[in-house]
Amino acid sequence: MKLIINGKERDMRSSRTLTELVQELEITAPHFAMALNQQVIPKSQYSDTALKEGDKVEIVHAVGGGV
Amino acid sequence: MGNTITSTEKKSNLKIGDKTFKSRLIVGTGKYASFDETRMAIEISGAEVVTVAVRRIELDTSKDSILNHLDPKRYTFLPNTAGCYNVKEAVMTCQLAREAGLGNFVKVEVIGDEKTLFPDNEATLEASKLLVADGFQVLPYCTDDVVLCKKLEDAGCVAVMPLAAPIGSGLGIRNPYNIKLILEAVQVPVIIDAGVGTASDASRAMELGVGGLLMNTAIAGAKDPLKMAQAMKLAVESGRLAYEAGRIPRKLYASASSPLEGLIDI
């Protein structure tokens with residue numbers, strides 16, 4: 001299934017939900033968050049949030065920055 | 001005689017929203033050479049509030065994060081919306097930050113002009129209203145405009161953060177009179193955000209009576225960031241103490257500090 005993840009198209013083989021996507025991408029950042037098609041998804045809903053072809057996923061975390 | 005000196009022990013705290021801080025210096029985490037340097041500079045600065053940006057995770061490279069290097073028990077994180085140019089981006093960035101576990105303190109920043117990085121005040125006010133309604137404690141970066149700061153306070157912001165000078169410019173406070181007017185107009189803490197270049201700029205800002213100071217480039221961009229972190233810590237503390245102590249009025253002519261009586265007669 002092709003997804004647009006952080007602006008780049010990726011072919012994800014085993015990700016039917018956001019939980020599986022996190023596993024397949026091996027995201028280990030202590031604090032990260034995801035938005036699906038411009039909607040912020042709470043962590044508690046990752047396993048219930050199904051993905052479909054062409055979905056746009058944003059995965060963000062904290063980086064150094066000031067103003 | 002015999003009285004103990006207590007005045008400096010009773011240093012006042014900075015209260016923002018539901019939190020109280022001993023340090024009046026808020027620091028950014030950008031532009032450092034390494035995560036180690038970031039951590040050390042922040043430790044030396046004594047800051048308790050640390051601002052971070054929110055960006056896409058780089059999926060193909062190192063997955064290390066600034067948050068692996070800063071103890072969340074020690075610091076209150078202040079995720080910012082730096083780089084956002086509209087209300088929607090700013091609001092969503094804050095929501096993502098909260099979902100990422102960074103808390104509900106947010107520095108709202110909606111940039112209106114790329115060259116000066118001056119804020120889009122109208123969009124900042126709108127984003128602030130939406131975020132306050134969504135349960136955030138909002139600290140907006142804004143221009144040093146008294147009417148705007150009043151509106152931001154009325155919108156429920158827990159502080160206002162007027163700039164001293166353009167971001168990263170190091171020009172120091174360009175309009176201390178505007179800052180004084182803002183201090184008179186609002187009850188929430190006024191935190192100078194951006195524009196400080198060196199320690200004397202920080203002291204001068206604090207001497208005006210502002211609640212605190214947010215800086216990043218002045219420390220991270222110094223030749224020796226760790227020394228500058230120490231300098232800024234001292235400058236913010238001494239500036240605040242001088243404000244609380246109350247300076248003498250400026251006068252054109254001299255006024256002797258030794259007694260005029262009892263002079264020898266030659």
# chains A, B, ... in the order shown; residues from 1 in each chain; ligands from 1
$ residues_around --residues "range 117-128 of chain B" --least-positions-apart "5" --cutoff "8 Å" --atoms "only C-alpha atoms" --output "PyMOL selection string"
chain B and resi 85-88+90-91+108-112+138+140-143+148+151-152+155+157+166-167
$ residues_around --residues "Tyr46 in chain A" --least-positions-apart "4" --cutoff "12 Å" --atoms "only C-alpha atoms" --output "ChimeraX atom specification"
/A:15-23,33-36,40-42,50-51 /B:99
$ select_by_dssp --residues "chain A" --states "strand (DSSP E)" --output "NGL selection string"
:A and (2-5 or 8-11 or 32-36 or 39-41 or 56-64)
$ atom_distance --atom1 "CA of Leu241 in chain B" --atom2 "CA of Lys223 in chain B"
27.5 Å
$ select_by_dssp --residues "chain A" --states "alpha helix (DSSP H)" --output "list of chain:residue names"
A:Leu18, A:Thr19, A:Glu20, A:Leu21, A:Val22, A:Gln23, A:Glu24
$ write_last_selection --atoms "N, CA, C and O atoms" --output "short mmCIF file (atom, residue, chain, number, x, y, z; two decimals), in the first residue's frame"
data_model
loop_
_atom_site.label_atom_id
_atom_site.label_comp_id
_atom_site.auth_asym_id
_atom_site.auth_seq_id
_atom_site.Cartn_x
_atom_site.Cartn_y
_atom_site.Cartn_z
N LEU A 18 -2.27 2.54 12.21
CA LEU A 18 -1.17 3.42 12.62
C LEU A 18 -0.20 2.69 13.55
O LEU A 18 1.00 2.90 13.48
N THR A 19 -0.72 1.82 14.40
CA THR A 19 0.16 1.05 15.30
C THR A 19 1.16 0.23 14.48
O THR A 19 2.36 0.21 14.76
N GLU A 20 0.64 -0.41 13.43
CA GLU A 20 1.52 -1.24 12.60
C GLU A 20 2.50 -0.39 11.80
O GLU A 20 3.64 -0.79 11.56
N LEU A 21 2.06 0.81 11.44
CA LEU A 21 2.95 1.72 10.71
C LEU A 21 4.13 2.13 11.60
O LEU A 21 5.28 2.17 11.14
N VAL A 22 3.83 2.44 12.86
CA VAL A 22 4.89 2.81 13.80
C VAL A 22 5.92 1.68 13.91
O VAL A 22 7.13 1.91 13.92
N GLN A 23 5.42 0.44 13.95
CA GLN A 23 6.31 -0.72 14.05
C GLN A 23 7.12 -0.90 12.78
O GLN A 23 8.33 -1.08 12.81
N GLU A 24 6.45 -0.79 11.64
CA GLU A 24 7.14 -1.02 10.37
C GLU A 24 8.22 0.05 10.12
O GLU A 24 9.27 -0.23 9.57
#
$ residues_around --residues "range 53-55 of chain B" --least-positions-apart "4" --cutoff "8 Å" --atoms "only C-alpha atoms" --output "PDB file with N, CA and C atoms, in the first residue's frame"
ATOM      1  N   VAL A  60       5.783  13.579  13.568  1.00  0.00           N
ATOM      2  CA  VAL A  60       6.660  14.658  14.030  1.00  0.00           C
ATOM      3  C   VAL A  60       7.209  14.360  15.420  1.00  0.00           C
ATOM      4  N   HIS A  61       8.250  15.083  15.740  1.00  0.00           N
ATOM      5  CA  HIS A  61       8.809  15.022  17.097  1.00  0.00           C
ATOM      6  C   HIS A  61       9.430  16.380  17.418  1.00  0.00           C
ATOM      7  N   ALA A  62       9.972  16.488  18.642  1.00  0.00           N
ATOM      8  CA  ALA A  62      10.590  17.743  19.052  1.00  0.00           C
ATOM      9  C   ALA A  62      12.011  17.812  18.516  1.00  0.00           C
ATOM     10  N   VAL A  63      12.393  18.966  18.004  1.00  0.00           N
ATOM     11  CA  VAL A  63      13.773  19.178  17.573  1.00  0.00           C
ATOM     12  C   VAL A  63      14.267  20.487  18.178  1.00  0.00           C
ATOM     13  N   GLY A  64      15.576  20.690  18.134  1.00  0.00           N
ATOM     14  CA  GLY A  64      16.138  21.930  18.643  1.00  0.00           C
ATOM     15  C   GLY A  64      15.593  23.108  17.868  1.00  0.00           C
ATOM     16  N   GLY A  65      15.195  24.140  18.598  1.00  0.00           N
ATOM     17  CA  GLY A  65      14.678  25.328  17.938  1.00  0.00           C
ATOM     18  C   GLY A  65      14.311  26.352  18.980  1.00  0.00           C
ATOM     19  N   GLY A  66      14.284  27.588  18.578  1.00  0.00           N
ATOM     20  CA  GLY A  66      13.969  28.617  19.565  1.00  0.00           C
ATOM     21  C   GLY A  66      12.861  29.494  19.075  1.00  0.00           C
TER      22      GLY A  66
ATOM     23  N   PRO B  79       6.843  23.851  23.535  1.00  0.00           N
ATOM     24  CA  PRO B  79       6.915  23.660  22.083  1.00  0.00           C
ATOM     25  C   PRO B  79       6.480  24.942  21.366  1.00  0.00           C
ATOM     26  N   ASN B  80       7.175  25.252  20.303  1.00  0.00           N
ATOM     27  CA  ASN B  80       6.839  26.484  19.576  1.00  0.00           C
ATOM     28  C   ASN B  80       6.365  26.173  18.167  1.00  0.00           C
ATOM     29  N   THR B  81       5.752  27.154  17.565  1.00  0.00           N
ATOM     30  CA  THR B  81       5.232  26.961  16.206  1.00  0.00           C
ATOM     31  C   THR B  81       6.106  27.710  15.194  1.00  0.00           C
ATOM     32  N   ALA B  82       7.386  27.819  15.520  1.00  0.00           N
ATOM     33  CA  ALA B  82       8.326  28.494  14.612  1.00  0.00           C
ATOM     34  C   ALA B  82       8.204  27.897  13.212  1.00  0.00           C
ATOM     35  N   THR B  93       0.258  22.275  14.838  1.00  0.00           N
ATOM     36  CA  THR B  93       1.576  22.026  15.438  1.00  0.00           C
ATOM     37  C   THR B  93       1.459  21.908  16.957  1.00  0.00           C
ATOM     38  N   ALA B  97       2.185  18.653  19.263  1.00  0.00           N
ATOM     39  CA  ALA B  97       3.128  18.740  20.386  1.00  0.00           C
ATOM     40  C   ALA B  97       2.508  18.169  21.653  1.00  0.00           C
TER      41      ALA B  97
END
$ residues_around --residues "range 37-39 of chain A" --least-positions-apart "6" --cutoff "9 Å" --atoms "only C-alpha atoms" --output "VMD selection string"
(chain A and resid 55 to 58) or (chain B and resid 92)
$ write_last_selection --atoms "N, CA and C atoms" --output "CSV table (one decimal), in the first residue's frame"
chain,number,residue,atom,x,y,z
A,55,ASP,N,-3.2,7.6,1.7
A,55,ASP,CA,-3.3,8.4,3.0
A,55,ASP,C,-2.1,9.3,3.2
A,56,LYS,N,-2.3,10.5,3.7
A,56,LYS,CA,-1.2,11.3,4.0
A,56,LYS,C,-0.9,11.3,5.5
A,57,VAL,N,0.3,10.8,5.9
A,57,VAL,CA,0.6,10.7,7.3
A,57,VAL,C,1.8,11.7,7.6
A,58,GLU,N,1.6,12.4,8.7
A,58,GLU,CA,2.7,13.2,9.2
A,58,GLU,C,3.1,12.6,10.6
B,92,MET,N,-2.3,23.2,14.5
B,92,MET,CA,-2.1,21.8,14.4
B,92,MET,C,-0.7,21.4,15.0
$ interface_residues --of "chain B" --to "chain A" --cutoff "10 Å" --atoms "only C-alpha atoms" --output "VMD selection string"
chain B and resid 26 to 32 34 to 35 38 50 to 60 63 to 68 77 to 83 88 to 89 92 to 93 95 to 102 107 to 109 117 141 167 to 168 193 to 195 214 to 217
$ decode --residues "range 220-249 of chain B" --atoms "N, CA, C and O atoms" --output "PDB file, in the first residue's frame"
ATOM      1  N   ALA B 220      23.441  30.374  21.823  1.00  0.00           N
ATOM      2  CA  ALA B 220      23.932  29.326  20.909  1.00  0.00           C
ATOM      3  C   ALA B 220      24.906  29.873  19.871  1.00  0.00           C
ATOM      4  O   ALA B 220      25.801  29.164  19.413  1.00  0.00           O
ATOM      5  N   GLY B 221      24.731  31.148  19.499  1.00  0.00           N
ATOM      6  CA  GLY B 221      25.565  31.723  18.445  1.00  0.00           C
ATOM      7  C   GLY B 221      26.820  32.408  18.973  1.00  0.00           C
ATOM      8  O   GLY B 221      27.655  32.872  18.191  1.00  0.00           O
ATOM      9  N   ALA B 222      26.985  32.476  20.306  1.00  0.00           N
ATOM     10  CA  ALA B 222      28.185  33.113  20.865  1.00  0.00           C
ATOM     11  C   ALA B 222      29.409  32.252  20.566  1.00  0.00           C
ATOM     12  O   ALA B 222      29.285  31.053  20.327  1.00  0.00           O
ATOM     13  N   LYS B 223      30.598  32.858  20.595  1.00  0.00           N
ATOM     14  CA  LYS B 223      31.824  32.090  20.343  1.00  0.00           C
ATOM     15  C   LYS B 223      31.946  30.967  21.353  1.00  0.00           C
ATOM     16  O   LYS B 223      32.365  29.869  21.033  1.00  0.00           O
ATOM     17  N   ASP B 224      31.604  31.274  22.601  1.00  0.00           N
ATOM     18  CA  ASP B 224      31.624  30.255  23.653  1.00  0.00           C
ATOM     19  C   ASP B 224      30.221  30.193  24.274  1.00  0.00           C
ATOM     20  O   ASP B 224      29.918  30.926  25.213  1.00  0.00           O
ATOM     21  N   PRO B 225      29.366  29.333  23.746  1.00  0.00           N
ATOM     22  CA  PRO B 225      27.971  29.300  24.215  1.00  0.00           C
ATOM     23  C   PRO B 225      27.839  29.025  25.713  1.00  0.00           C
ATOM     24  O   PRO B 225      26.935  29.547  26.358  1.00  0.00           O
ATOM     25  N   LEU B 226      28.740  28.225  26.265  1.00  0.00           N
ATOM     26  CA  LEU B 226      28.609  27.871  27.678  1.00  0.00           C
ATOM     27  C   LEU B 226      28.902  29.073  28.567  1.00  0.00           C
ATOM     28  O   LEU B 226      28.205  29.326  29.557  1.00  0.00           O
ATOM     29  N   LYS B 227      29.911  29.857  28.182  1.00  0.00           N
ATOM     30  CA  LYS B 227      30.201  31.085  28.936  1.00  0.00           C
ATOM     31  C   LYS B 227      29.062  32.078  28.808  1.00  0.00           C
ATOM     32  O   LYS B 227      28.693  32.767  29.756  1.00  0.00           O
ATOM     33  N   MET B 228      28.498  32.177  27.594  1.00  0.00           N
ATOM     34  CA  MET B 228      27.402  33.130  27.392  1.00  0.00           C
ATOM     35  C   MET B 228      26.163  32.690  28.166  1.00  0.00           C
ATOM     36  O   MET B 228      25.408  33.535  28.662  1.00  0.00           O
ATOM     37  N   ALA B 229      25.974  31.396  28.297  1.00  0.00           N
ATOM     38  CA  ALA B 229      24.838  30.901  29.081  1.00  0.00           C
ATOM     39  C   ALA B 229      24.961  31.373  30.532  1.00  0.00           C
ATOM     40  O   ALA B 229      23.985  31.814  31.147  1.00  0.00           O
ATOM     41  N   GLN B 230      26.176  31.314  31.047  1.00  0.00           N
ATOM     42  CA  GLN B 230      26.442  31.784  32.415  1.00  0.00           C
ATOM     43  C   GLN B 230      26.230  33.303  32.499  1.00  0.00           C
ATOM     44  O   GLN B 230      25.615  33.810  33.431  1.00  0.00           O
ATOM     45  N   ALA B 231      26.743  34.011  31.481  1.00  0.00           N
ATOM     46  CA  ALA B 231      26.608  35.474  31.454  1.00  0.00           C
ATOM     47  C   ALA B 231      25.130  35.873  31.457  1.00  0.00           C
ATOM     48  O   ALA B 231      24.716  36.797  32.167  1.00  0.00           O
ATOM     49  N   MET B 232      24.322  35.169  30.680  1.00  0.00           N
ATOM     50  CA  MET B 232      22.898  35.510  30.580  1.00  0.00           C
ATOM     51  C   MET B 232      22.162  35.194  31.874  1.00  0.00           C
ATOM     52  O   MET B 232      21.267  35.925  32.288  1.00  0.00           O
ATOM     53  N   LYS B 233      22.551  34.108  32.497  1.00  0.00           N
ATOM     54  CA  LYS B 233      21.939  33.755  33.797  1.00  0.00           C
ATOM     55  C   LYS B 233      22.169  34.898  34.789  1.00  0.00           C
ATOM     56  O   LYS B 233      21.239  35.378  35.442  1.00  0.00           O
ATOM     57  N   LEU B 234      23.426  35.343  34.873  1.00  0.00           N
ATOM     58  CA  LEU B 234      23.772  36.413  35.812  1.00  0.00           C
ATOM     59  C   LEU B 234      23.099  37.725  35.414  1.00  0.00           C
ATOM     60  O   LEU B 234      22.624  38.482  36.263  1.00  0.00           O
ATOM     61  N   ALA B 235      23.064  37.999  34.118  1.00  0.00           N
ATOM     62  CA  ALA B 235      22.493  39.264  33.638  1.00  0.00           C
ATOM     63  C   ALA B 235      21.001  39.345  33.948  1.00  0.00           C
ATOM     64  O   ALA B 235      20.493  40.391  34.370  1.00  0.00           O
ATOM     65  N   VAL B 236      20.311  38.232  33.740  1.00  0.00           N
ATOM     66  CA  VAL B 236      18.867  38.214  34.008  1.00  0.00           C
ATOM     67  C   VAL B 236      18.625  38.382  35.514  1.00  0.00           C
ATOM     68  O   VAL B 236      17.773  39.154  35.936  1.00  0.00           O
ATOM     69  N   GLU B 237      19.435  37.691  36.307  1.00  0.00           N
ATOM     70  CA  GLU B 237      19.271  37.802  37.763  1.00  0.00           C
ATOM     71  C   GLU B 237      19.598  39.217  38.250  1.00  0.00           C
ATOM     72  O   GLU B 237      18.853  39.800  39.041  1.00  0.00           O
ATOM     73  N   SER B 238      20.695  39.767  37.765  1.00  0.00           N
ATOM     74  CA  SER B 238      21.088  41.093  38.268  1.00  0.00           C
ATOM     75  C   SER B 238      20.133  42.164  37.768  1.00  0.00           C
ATOM     76  O   SER B 238      19.795  43.093  38.503  1.00  0.00           O
ATOM     77  N   GLY B 239      19.670  42.012  36.538  1.00  0.00           N
ATOM     78  CA  GLY B 239      18.705  42.986  36.014  1.00  0.00           C
ATOM     79  C   GLY B 239      17.417  42.972  36.824  1.00  0.00           C
ATOM     80  O   GLY B 239      16.847  44.013  37.138  1.00  0.00           O
ATOM     81  N   ARG B 240      16.967  41.773  37.174  1.00  0.00           N
ATOM     82  CA  ARG B 240      15.743  41.662  37.965  1.00  0.00           C
ATOM     83  C   ARG B 240      15.947  42.262  39.363  1.00  0.00           C
ATOM     84  O   ARG B 240      15.095  42.994  39.865  1.00  0.00           O
ATOM     85  N   LEU B 241      17.098  41.934  39.979  1.00  0.00           N
ATOM     86  CA  LEU B 241      17.375  42.474  41.311  1.00  0.00           C
ATOM     87  C   LEU B 241      17.412  43.998  41.273  1.00  0.00           C
ATOM     88  O   LEU B 241      16.889  44.669  42.156  1.00  0.00           O
ATOM     89  N   ALA B 242      18.031  44.551  40.234  1.00  0.00           N
ATOM     90  CA  ALA B 242      18.123  46.006  40.111  1.00  0.00           C
ATOM     91  C   ALA B 242      16.730  46.612  39.966  1.00  0.00           C
ATOM     92  O   ALA B 242      16.427  47.657  40.556  1.00  0.00           O
ATOM     93  N   TYR B 243      15.874  45.934  39.210  1.00  0.00           N
ATOM     94  CA  TYR B 243      14.487  46.417  39.058  1.00  0.00           C
ATOM     95  C   TYR B 243      13.781  46.416  40.409  1.00  0.00           C
ATOM     96  O   TYR B 243      13.138  47.393  40.793  1.00  0.00           O
ATOM     97  N   GLU B 244      13.937  45.308  41.131  1.00  0.00           N
ATOM     98  CA  GLU B 244      13.253  45.205  42.423  1.00  0.00           C
ATOM     99  C   GLU B 244      13.847  46.182  43.436  1.00  0.00           C
ATOM    100  O   GLU B 244      13.134  46.710  44.297  1.00  0.00           O
ATOM    101  N   ALA B 245      15.156  46.430  43.319  1.00  0.00           N
ATOM    102  CA  ALA B 245      15.821  47.353  44.246  1.00  0.00           C
ATOM    103  C   ALA B 245      15.398  48.794  43.967  1.00  0.00           C
ATOM    104  O   ALA B 245      15.321  49.615  44.875  1.00  0.00           O
ATOM    105  N   GLY B 246      15.130  49.113  42.711  1.00  0.00           N
ATOM    106  CA  GLY B 246      14.714  50.469  42.341  1.00  0.00           C
ATOM    107  C   GLY B 246      15.915  51.373  42.106  1.00  0.00           C
ATOM    108  O   GLY B 246      16.620  51.731  43.045  1.00  0.00           O
ATOM    109  N   ARG B 247      16.136  51.727  40.880  1.00  0.00           N
ATOM    110  CA  ARG B 247      17.320  52.523  40.553  1.00  0.00           C
ATOM    111  C   ARG B 247      17.146  53.979  41.007  1.00  0.00           C
ATOM    112  O   ARG B 247      16.032  54.456  41.201  1.00  0.00           O
ATOM    113  N   ILE B 248      18.261  54.690  41.119  1.00  0.00           N
ATOM    114  CA  ILE B 248      18.207  56.128  41.436  1.00  0.00           C
ATOM    115  C   ILE B 248      17.770  56.878  40.181  1.00  0.00           C
ATOM    116  O   ILE B 248      17.980  56.406  39.063  1.00  0.00           O
ATOM    117  N   PRO B 249      17.163  58.069  40.393  1.00  0.00           N
ATOM    118  CA  PRO B 249      16.768  58.830  39.203  1.00  0.00           C
ATOM    119  C   PRO B 249      17.993  59.362  38.456  1.00  0.00           C
ATOM    120  O   PRO B 249      19.034  59.618  39.068  1.00  0.00           O
TER     121      PRO B 249
END
